[in-house]
file work06.txt (compact mmCIF, C-alpha atoms)
# COMPACT_ATOMS: atom_id res chain seq x y z
CA MET A 1 99.16 -39.45 18.65
CA ALA A 2 96.69 -37.75 21.00
CA ALA A 3 93.19 -39.17 21.17
CA PRO A 4 90.50 -37.09 19.43
CA ILE A 5 88.74 -34.63 21.73
CA GLY A 6 85.78 -36.18 23.51
CA ARG A 7 85.95 -39.38 21.45
CA VAL A 8 84.26 -41.94 23.71
CA PHE A 9 83.96 -44.71 21.12
CA ASP A 10 85.64 -45.47 17.79
CA ASP A 11 85.47 -48.79 15.96
CA GLY A 12 88.24 -47.68 13.61
CA VAL A 13 86.29 -48.54 10.44
CA ARG A 14 86.44 -45.93 7.69
CA ASP A 15 85.87 -47.92 4.48
CA GLN A 16 82.32 -49.03 5.31
CA PRO A 17 79.15 -47.05 6.13
CA ARG A 18 78.98 -46.05 9.78
CA THR A 19 76.96 -43.75 12.05
CA HIS A 20 78.99 -40.92 13.61
CA VAL A 21 77.44 -39.27 16.66
CA PHE A 22 78.28 -35.88 18.19
CA ILE A 23 76.75 -35.01 21.60
CA ILE A 24 76.82 -31.75 23.58
CA GLY A 25 75.32 -31.27 27.04
CA VAL A 26 75.64 -27.97 28.93
CA ASP A 27 74.57 -27.82 32.59
CA ASN A 28 76.90 -25.05 33.68
CA TYR A 29 77.13 -21.58 32.13
CA ILE A 30 80.28 -19.82 33.34
CA PHE A 31 78.82 -16.36 32.82
CA GLY A 32 75.25 -17.30 33.64
CA ASP A 33 73.55 -16.96 37.00
CA GLY A 34 76.34 -16.85 39.58
CA PRO A 35 79.47 -14.95 40.65
CA LYS A 36 80.74 -14.42 37.07
CA ALA A 37 77.38 -13.34 35.64
CA SER A 38 77.78 -11.09 32.60
CA MET A 39 75.43 -8.55 31.08
CA VAL A 40 74.69 -10.91 28.19
CA ALA A 41 74.38 -14.29 29.96
CA GLY A 42 73.67 -13.30 33.56
CA GLY A 43 70.02 -14.22 33.25
CA LEU A 44 70.74 -17.82 32.22
CA PRO A 45 69.87 -20.19 35.08
CA GLN A 46 72.17 -23.13 35.74
CA LEU A 47 70.76 -26.51 34.67
CA THR A 48 70.79 -30.10 35.92
CA SER A 49 69.16 -32.03 33.06
CA PRO A 50 71.51 -31.67 30.03
CA ARG A 51 74.41 -33.78 31.36
CA ARG A 52 72.04 -36.61 32.33
CA SER A 53 70.24 -36.30 29.01
CA ALA A 54 73.52 -36.39 27.05
CA PHE A 55 74.65 -39.48 28.99
CA ALA A 56 71.30 -41.19 28.34
CA ILE A 57 71.61 -40.57 24.59
CA ALA A 58 75.23 -41.78 24.58
CA ASN A 59 74.38 -44.96 26.48
CA TRP A 60 71.56 -45.76 24.08
CA PHE A 61 73.84 -45.43 21.06
CA LEU A 62 76.59 -47.45 22.71
CA LYS A 63 74.39 -50.26 24.06
CA GLU A 64 71.16 -50.45 22.04
CA PHE A 65 71.47 -48.70 18.67
CA ALA A 66 71.13 -51.17 15.79
CA ASN A 67 71.29 -50.10 12.16
CA PRO A 68 72.69 -52.77 9.83
CA ASP A 69 73.19 -50.20 7.07
CA ALA A 70 75.35 -47.93 9.23
CA ARG A 71 76.55 -49.38 12.51
CA LEU A 72 77.91 -47.09 15.21
CA GLY A 73 81.33 -45.88 14.09
CA THR A 74 82.26 -43.08 16.48
CA LEU A 75 80.69 -41.24 19.39
CA THR A 76 82.04 -37.88 20.54
CA MET A 77 80.73 -36.10 23.63
CA LEU A 78 81.44 -32.75 25.33
CA VAL A 79 79.72 -31.90 28.61
CA SER A 80 79.94 -28.91 30.96
CA LYS A 81 79.02 -29.30 34.60
CA LYS A 82 79.67 -27.28 37.72
CA GLY A 83 83.01 -27.96 39.36
CA ARG A 84 85.23 -30.68 37.96
CA LYS A 85 84.94 -32.04 34.43
CA ALA A 86 82.18 -34.53 33.76
CA VAL A 87 83.14 -38.21 33.92
CA PHE A 88 81.40 -40.75 31.69
CA PRO A 89 81.57 -44.43 32.74
CA PHE A 90 82.03 -46.76 29.77
CA ARG A 91 83.04 -50.43 29.75
CA GLY A 92 84.44 -50.28 33.25
CA ASN A 93 86.50 -47.15 32.60
CA LYS A 94 85.81 -43.54 33.48
CA ARG A 95 86.29 -41.11 30.63
CA ARG A 96 86.85 -37.46 31.50
CA LEU A 97 84.97 -35.33 29.02
CA PRO A 98 86.09 -31.96 27.67
CA SER A 99 84.04 -28.91 28.53
CA ALA A 100 81.49 -27.78 25.95
CA ASP A 101 83.03 -24.39 25.32
CA LEU A 102 83.46 -22.84 21.88
CA LYS A 103 87.17 -23.69 21.44
CA SER A 104 86.73 -27.35 22.39
CA VAL A 105 83.59 -27.78 20.30
CA LYS A 106 85.32 -26.38 17.21
CA ARG A 107 88.32 -28.71 17.59
CA ALA A 108 86.13 -31.74 18.25
CA MET A 109 83.89 -30.95 15.28
CA ALA A 110 86.86 -30.73 12.94
CA GLN A 111 87.84 -34.24 14.04
CA TRP A 112 84.22 -35.40 13.68
CA ARG A 113 84.25 -34.09 10.10
CA ASP A 114 87.32 -36.20 9.33
CA VAL A 115 85.47 -39.40 10.22
CA PHE A 116 82.00 -38.68 8.81
CA GLU A 117 83.55 -37.60 5.47
CA SER A 118 85.27 -40.98 5.15
CA HIS A 119 82.33 -42.67 3.36
CA PRO A 120 79.38 -41.29 1.34
CA ASP A 121 76.92 -43.74 2.92
CA ASN A 122 77.69 -42.70 6.49
CA MET A 123 74.94 -41.33 8.72
CA VAL A 124 75.53 -38.44 11.15
CA VAL A 125 73.67 -37.61 14.36
CA PHE A 126 74.09 -34.30 16.18
CA TYR A 127 72.54 -33.90 19.66
CA PHE A 128 72.49 -30.78 21.84
CA CYS A 129 70.93 -30.22 25.26
CA GLY A 130 71.22 -26.89 27.07
CA HIS A 131 70.02 -23.31 26.73
CA GLY A 132 68.94 -22.03 23.34
CA VAL A 133 67.67 -18.74 22.04
CA SER A 134 65.81 -17.47 19.01
CA PHE A 135 65.85 -13.96 17.61
CA GLY A 136 63.91 -13.06 14.52
CA GLN A 137 64.13 -16.09 12.25
CA LYS A 138 67.43 -17.27 13.72
CA ALA A 139 68.16 -19.83 16.44
CA ALA A 140 71.32 -20.56 18.42
CA MET A 141 72.53 -23.21 20.90
CA LEU A 142 74.43 -21.64 23.78
CA LEU A 143 77.74 -23.18 24.85
CA SER A 144 79.26 -23.03 28.33
CA ASN A 145 81.25 -19.81 27.73
CA PHE A 146 78.41 -17.87 26.13
CA GLY A 147 78.37 -14.32 27.47
CA ASP A 148 82.12 -14.02 28.05
CA PRO A 149 82.63 -10.23 28.25
CA ALA A 150 85.59 -10.54 25.86
CA SER A 151 83.44 -12.16 23.15
CA ALA A 152 79.91 -11.95 24.45
CA TYR A 153 77.92 -13.47 21.59
CA ASP A 154 80.47 -15.85 20.10
CA GLY A 155 80.03 -18.83 22.44
CA ALA A 156 77.09 -20.34 20.61
CA ILE A 157 76.28 -22.51 17.60
CA ASP A 158 74.13 -20.93 14.92
CA LEU A 159 71.71 -23.68 13.92
CA ASP A 160 71.18 -22.48 10.35
CA SER A 161 74.92 -22.22 9.78
CA LEU A 162 75.47 -25.77 11.03
CA ARG A 163 72.64 -27.19 8.94
CA GLY A 164 73.83 -25.29 5.89
CA THR A 165 77.44 -26.40 6.04
CA MET A 166 76.38 -29.99 6.69
CA ARG A 167 74.61 -29.95 3.34
CA ASN A 168 78.11 -29.90 1.83
CA ALA A 169 79.01 -33.11 3.66
CA GLN A 170 79.13 -36.54 2.06
CA PRO A 171 76.69 -38.36 4.37
CA GLY A 172 73.22 -38.24 2.88
CA ARG A 173 71.39 -38.98 6.16
CA GLN A 174 71.68 -36.32 8.83
CA LEU A 175 69.72 -36.23 12.08
CA PHE A 176 69.80 -33.20 14.41
CA VAL A 177 68.16 -33.53 17.84
CA ILE A 178 68.11 -30.07 19.43
CA ASP A 179 66.85 -30.34 23.01
CA CYS A 180 66.74 -26.75 24.20
CA CYS A 181 64.33 -23.90 24.70
CA ARG A 182 63.95 -21.36 21.92
CA THR A 183 63.06 -18.42 24.15
CA ARG A 184 62.79 -15.15 22.27
CA ALA A 185 65.58 -12.68 22.95
CA ASP A 186 64.75 -9.85 20.56
CA SER A 187 64.60 -7.25 23.37
CA LEU A 188 67.99 -8.26 24.77
CA TYR A 189 69.78 -8.56 21.42
CA ASP A 190 68.08 -5.74 19.48
CA ASN A 191 71.31 -4.56 17.87
CA GLU A 192 72.80 -7.98 17.11
CA THR A 193 72.69 -9.43 13.62
CA GLU A 194 73.71 -12.90 14.79
CA ILE A 195 74.45 -14.93 17.90
CA GLY A 196 77.10 -17.57 17.57
CA GLY A 197 78.36 -18.53 14.20
CA ARG A 198 80.22 -21.13 12.19
CA VAL A 199 81.71 -23.93 14.27
CA LEU A 200 82.38 -26.26 11.34
CA SER A 201 83.40 -25.91 7.71
CA VAL A 202 82.83 -28.60 5.11
CA VAL A 203 84.10 -28.20 1.57
CA PRO A 204 81.50 -29.45 -0.95
CA ALA A 205 83.44 -32.29 -2.52
CA GLY A 206 83.24 -36.05 -2.77
CA ARG A 207 79.47 -36.63 -2.85
CA PRO A 208 78.34 -38.28 -6.08
CA PRO A 209 76.56 -35.81 -8.41
CA GLY A 210 72.78 -35.80 -8.13
CA THR A 211 72.64 -37.41 -4.69
CA MET A 212 70.40 -35.78 -2.12
CA VAL A 213 71.20 -34.82 1.46
CA ARG A 214 68.29 -35.71 3.72
CA GLN A 215 68.17 -33.73 6.94
CA CYS A 216 65.77 -34.12 9.85
CA VAL A 217 65.94 -31.44 12.57
CA MET A 218 63.90 -32.32 15.68
CA LEU A 219 63.06 -29.64 18.24
CA PRO A 220 61.18 -29.93 21.54
CA THR A 221 59.12 -26.80 21.27
CA ILE A 222 57.80 -24.14 18.96
CA ASP A 223 59.80 -20.97 18.38
CA GLY A 224 59.69 -18.60 21.32
CA GLU A 225 58.59 -21.12 23.96
CA LYS A 226 60.44 -22.80 26.80
CA ALA A 227 61.29 -26.48 26.70
CA PHE A 228 60.39 -28.52 29.77
CA GLY A 229 63.25 -30.00 31.76
CA VAL A 230 63.13 -32.29 34.76
CA SER A 231 65.39 -31.34 37.66
CA ASN A 232 68.26 -33.83 38.06
CA ASP A 233 66.82 -36.15 35.45
CA VAL A 234 66.59 -36.70 31.71
CA SER A 235 64.53 -34.01 29.94
CA VAL A 236 61.00 -34.70 28.71
CA PHE A 237 61.98 -34.39 25.05
CA THR A 238 65.03 -36.64 25.34
CA ALA A 239 63.08 -39.24 27.34
CA ALA A 240 60.39 -39.23 24.63
CA PHE A 241 63.00 -39.51 21.86
CA LEU A 242 64.60 -42.51 23.59
CA ASP A 243 61.26 -44.26 24.04
CA ALA A 244 60.49 -43.56 20.38
CA VAL A 245 63.69 -45.22 19.17
CA ARG A 246 63.28 -48.08 21.66
CA PHE A 247 59.66 -49.06 21.02
CA ALA A 248 57.18 -46.31 20.08
CA GLY A 249 58.43 -45.11 16.68
CA PHE A 250 58.31 -48.40 14.74
CA ASP A 251 56.31 -50.32 12.20
CA ASP A 252 56.90 -53.49 10.21
CA SER A 253 55.65 -52.31 6.81
CA THR A 254 58.99 -53.27 5.24
CA GLY A 255 59.00 -56.69 6.90
CA ASN A 256 61.43 -55.56 9.60
CA TRP A 257 60.71 -53.48 12.69
CA VAL A 258 62.31 -50.19 11.74
CA SER A 259 62.09 -46.69 13.20
CA THR A 260 62.23 -43.82 10.75
CA THR A 261 62.64 -40.13 11.49
CA LEU A 262 58.97 -39.44 10.68
CA LEU A 263 57.75 -42.30 12.89
CA ILE A 264 60.00 -41.00 15.67
CA LEU A 265 58.60 -37.46 15.36
CA ASP A 266 55.03 -38.73 15.53
CA ALA A 267 55.82 -40.94 18.53
CA ILE A 268 57.50 -38.08 20.40
CA SER A 269 54.41 -35.92 19.96
CA ARG A 270 52.12 -38.68 21.22
CA LEU A 271 54.35 -39.49 24.17
CA VAL A 272 54.56 -35.85 25.23
CA GLU A 273 50.79 -35.48 24.89
CA HIS A 274 50.19 -38.46 27.19
CA ARG A 275 52.86 -37.56 29.73
CA LEU A 276 52.40 -33.87 30.46
CA PRO A 277 49.42 -31.92 31.76
CA GLN A 278 47.85 -29.38 29.43
CA LYS A 279 49.61 -26.32 30.90
CA LEU A 280 53.01 -27.90 30.22
CA ARG A 281 52.06 -29.34 26.82
CA GLU A 282 51.43 -25.80 25.65
CA ARG A 283 55.12 -25.06 26.34
CA THR A 284 56.45 -28.30 24.88
CA VAL A 285 55.28 -28.79 21.30
CA PRO A 286 57.69 -31.07 19.41
CA THR A 287 58.33 -29.85 15.89
CA ALA A 288 60.81 -30.11 13.02
CA LEU A 289 62.59 -27.65 10.75
CA GLU A 290 63.35 -30.35 8.22
CA SER A 291 61.61 -33.71 8.19
CA ALA A 292 63.17 -35.91 5.53
CA SER A 293 62.49 -39.55 6.30
CA PHE A 294 65.17 -42.22 6.70
CA SER A 295 65.65 -45.23 8.97
CA ILE A 296 67.39 -44.84 12.32
CA ASN A 297 67.05 -48.00 14.40
CA HIS A 298 66.00 -51.65 14.08
CA ILE A 299 64.51 -53.84 16.81
CA ASP A 300 63.50 -57.48 17.10
CA GLU A 301 59.82 -58.25 16.64
CA PRO A 302 58.05 -57.06 19.83
CA GLN A 303 56.74 -59.83 22.07
CA LEU A 304 54.84 -57.46 24.37
CA ALA A 305 52.75 -54.35 23.74
CA LYS A 306 53.71 -51.16 25.55
CA SER A 307 50.61 -49.34 26.79
CA ILE A 308 50.87 -45.66 27.75
CA VAL A 309 47.89 -44.88 30.01
CA THR A 310 46.86 -41.43 31.20
CA ILE A 311 43.70 -39.51 32.09
CA GLU A 312 42.02 -36.62 30.35
CA GLU A 313 41.91 -33.11 31.73
CA PRO A 314 40.68 -31.46 33.91
CA ALA A 315 41.58 -33.85 36.71
CA GLY A 316 45.07 -33.72 38.17
CA TRP A 317 47.29 -36.77 38.22
CA PRO A 318 46.12 -38.70 41.29
CA ASP A 319 47.56 -40.78 44.07
CA GLY A 320 46.16 -44.25 43.56
CA THR A 321 46.44 -47.33 41.37
CA PHE A 322 45.96 -47.99 37.66
CA SER A 323 45.13 -51.50 36.47
CA ALA A 324 45.15 -53.50 33.24
CA THR A 325 42.82 -56.52 33.23
CA ASP A 326 42.75 -59.17 30.51
CA VAL A 327 39.27 -59.45 28.98
CA SER A 328 40.20 -61.60 25.98
CA GLY A 329 39.50 -64.83 27.89
CA ALA A 330 43.12 -65.93 28.16
CA GLY A 331 43.02 -65.73 31.96
CA ARG A 332 46.14 -63.62 32.32
CA PRO A 333 46.79 -61.91 35.66
CA THR A 334 45.72 -58.31 36.26
CA HIS A 335 48.57 -55.78 36.33
CA HIS A 336 48.60 -52.97 38.90
CA LEU A 337 50.75 -49.83 38.91
CA PRO A 338 50.76 -47.26 41.74
CA THR A 339 50.77 -43.57 40.89
CA SER A 340 51.54 -40.40 42.78
CA ALA A 341 50.58 -36.77 42.28
CA LYS A 342 54.28 -36.05 42.87
CA ASP A 343 55.30 -37.86 39.66
CA ASP A 344 57.15 -35.63 37.19
CA PHE A 345 55.20 -37.24 34.35
CA ARG A 346 51.51 -38.17 34.40
CA TYR A 347 51.21 -41.65 32.91
CA CYS A 348 51.51 -45.37 33.61
CA GLN A 349 53.27 -47.73 31.26
CA PHE A 350 52.21 -51.38 31.10
CA GLU A 351 53.95 -54.18 29.21
CA LEU A 352 51.18 -56.54 28.14
CA GLN A 353 50.77 -59.66 26.05
CA PHE A 354 48.85 -59.08 22.83
CA GLY A 355 45.08 -59.15 23.30
CA THR A 356 42.17 -57.11 24.62
CA TRP A 357 42.66 -55.37 27.95
CA GLU A 358 40.52 -53.17 30.16
CA PHE A 359 42.31 -50.19 31.70
CA SER A 360 41.00 -48.54 34.85
CA GLY A 361 42.10 -46.13 37.55
CA ASP A 362 41.34 -46.06 41.27
CA PRO A 363 42.27 -42.70 42.86
CA ASP A 364 42.86 -42.62 46.61
CA VAL A 365 40.48 -39.65 46.88
CA LYS A 366 37.11 -39.53 45.10
CA PRO A 367 35.65 -37.66 43.30
CA PRO A 368 36.73 -37.65 40.57
CA THR A 369 36.20 -41.15 39.26
CA ILE A 370 37.93 -42.68 36.25
CA LYS A 371 35.90 -44.59 33.68
CA PRO A 372 37.47 -47.85 32.45
CA ALA A 373 38.21 -48.35 28.76
CA ARG A 374 38.96 -51.39 26.63
CA ARG A 375 41.73 -51.51 24.04
CA LYS A 376 43.17 -54.19 21.78
CA CYS A 377 46.94 -54.10 22.28
CA LEU A 378 48.69 -55.50 19.20
CA ARG A 379 51.17 -52.89 18.01
CA PRO A 380 54.43 -52.02 19.76
CA VAL A 381 52.57 -49.26 21.63
CA ALA A 382 48.97 -48.38 22.50
CA TYR A 383 47.96 -44.97 23.80
CA VAL A 384 45.07 -44.93 26.24
CA LYS A 385 43.45 -41.78 27.62
CA LEU A 386 40.80 -42.51 30.25
CA GLU A 387 37.72 -40.35 30.74
CA VAL A 388 37.25 -38.64 34.09
CA THR A 389 33.89 -38.01 35.74
CA PRO A 390 33.90 -35.14 38.27

call {"tool": "encode", "arguments": {"input": "work06.txt", "output": "structure tokens"}}
result
Amino acid sequence: MAAPIGRVFDDGVRDQPRTHVFIIGVDNYIFGDGPKASMVAGGLPQLTSPRRSAFAIANWFLKEFANPDARLGTLTMLVSKKGRKAVFPFRGNKRRLPSADLKSVKRAMAQWRDVFESHPDNMVVFYFCGHGVSFGQKAAMLLSNFGDPASAYDGAIDLDSLRGTMRNAQPGRQLFVIDCCRTRADSLYDNETEIGGRVLSVVPAGRPPGTMVRQCVMLPTIDGEKAFGVSNDVSVFTAAFLDAVRFAGFDDSTGNWVSTTLLILDAISRLVEHRLPQKLRERTVPTALESASFSINHIDEPQLAKSIVTIEEPAGWPDGTFSATDVSGAGRPTHHLPTSAKDDFRYCQFELQFGTWEFSGDPDVKPPTIKPARRKCLRPVAYVKLEVTP
């Protein structure tokens, strides 16, 4: 029997609750900018971040994800890159991944449905990174063959259609992480009633009567704005999501250190605010279409506090050194981190023992000067924004 399309991991368990993950990353658009550019997709630039972002998400689920109520059951991934098919290294083997075109995505999703429908207490996670578009009140995720002259608008996933059909599914916890721009396209698609369409059908059967489907749909930016990607690296939104599920989106109010969807959303917003300058933050405003709360990940009790340190506007991110000095009397060593104006992000991250610390910055060129600030670091993460004096 042929292996399921794009199935990177499968523990084979179907009679117990599991988490089933579906990942799409699209770097290369066949009919986007290039020799095969079409009237519909010719303006789409080729990307370098989605494949790396998809791999980063996959590696986190495979190596770090911990949810005792729904352990990782399957992980499916489709990735489109320029040239040969993408290769994903896993457990010493190289897995060739299918291209994220409409035909492959539909086949892989049908197989994904077969596993996530196997138990009512399963959790599902859908992740997409690539180009997206919004028109009117609709939004679509563009697959690698979007803009094919033979079926120009079909190669996309309609987000509302996917969310709607997933409400028929058995799993009551559903997380969608949609890492793409939502650039308006009304002028280009004036006469279109929809872009993309149904890529999955789920018959409403099997879920116990009266049970609720909780969906959380996370987006990197407000409607009509461009998401911020990093050339040849993981995107800002995906990097913030991963830090949220690793350390920033947790509390211990239940006795365990658990991240929930709402804690993750709040952490992503804070991380983006402390990592991007104002002009880019205006383009990258994390938001949610649905924000039902449920637990995602568990971690061991933190032994160190993560401290995200940045400076206020209007100063640019400087060349220089940022320091964290223990002022609680414990006599711990001072930590130093170099910075560069060439950094994609604009922050330093310290890992500090719990206590009171003084944070300061020493730019190579003055003015401006950076005023030190004291913070008690007790939680998994502390956000520090230092005042700048011109």

call {"tool": "atom_distance", "arguments": {"input": "work06.txt", "atom1": "atom CA of Glu117 of chain A", "atom2": "atom CA of Asn67 of chain A"}}
result
18.7 Å

call {"tool": "atom_distance", "arguments": {"input": "work06.txt", "atom1": "atom CA of Leu352 of chain A", "atom2": "atom CA of Arg52 of chain A"}}
result
29.2 Å

call {"tool": "atom_distance", "arguments": {"input": "work06.txt", "atom1": "atom CA of Phe359 of chain A", "atom2": "atom CA of Tyr347 of chain A"}}
result
12.4 Å

call {"tool": "residues_near_point", "arguments": {"input": "work06.txt", "point": "(67.3, -31.1, 39.4)", "cutoff": "9 Å", "atoms": "all atoms listed in the file", "output": "PDB file with C-alpha atoms, keeping the file's coordinate frame"}}
result
ATOM      1  CA  LEU A  47      70.760 -26.510  34.670  1.00  0.00           C
ATOM      2  CA  THR A  48      70.790 -30.100  35.920  1.00  0.00           C
ATOM      3  CA  SER A  49      69.160 -32.030  33.060  1.00  0.00           C
ATOM      4  CA  GLY A 229      63.250 -30.000  31.760  1.00  0.00           C
ATOM      5  CA  VAL A 230      63.130 -32.290  34.760  1.00  0.00           C
ATOM      6  CA  SER A 231      65.390 -31.340  37.660  1.00  0.00           C
ATOM      7  CA  ASN A 232      68.260 -33.830  38.060  1.00  0.00           C
ATOM      8  CA  ASP A 233      66.820 -36.150  35.450  1.00  0.00           C
TER       9      ASP A 233
END

call {"tool": "closest_residue", "arguments": {"input": "work06.txt", "among": "A:Leu142, A:Val327, A:Leu78, A:Val384", "to": "Arg96 of chain A", "atoms": "all atoms listed in the file"}}
result
A:Leu78

call {"tool": "residues_around", "arguments": {"input": "work06.txt", "residues": "segment 243-247 of chain A", "least_positions_apart": "2", "cutoff": "10 Å", "atoms": "only C-alpha atoms", "output": "ChimeraX atom specification"}}
result
/A:60,64-65,237-241,249-251,257-261,263-271,296-299,302,305-306,379-381

call {"tool": "residues_around", "arguments": {"input": "work06.txt", "residues": "segment 11-24 of chain A", "least_positions_apart": "6", "cutoff": "6 Å", "atoms": "only C-alpha atoms", "output": "PyMOL selection string"}}
result
chain A and resi 70-79+118+121-128

call {"tool": "axis_aligned_box", "arguments": {"input": "work06.txt", "around": "segment 322-327 of chain A", "padding_each_side": "3 Å", "output": "AutoDock Vina command-line options"}}
result
--center_x 42.6 --center_y -53.7 --center_z 33.3 --size_x 12.7 --size_y 17.5 --size_z 14.7

call {"tool": "closest_residue", "arguments": {"input": "work06.txt", "among": "A:Gln215, A:Pro286, A:Ala108, A:Ser99", "to": "Leu200 of chain A", "atoms": "all atoms listed in the file"}}
result
A:Ala108

call {"tool": "closest_residue", "arguments": {"input": "work06.txt", "among": "A:Pro338, A:Gly164, A:Pro171, A:Gly331", "to": "Glu290 of chain A", "atoms": "all atoms listed in the file"}}
result
A:Gly164
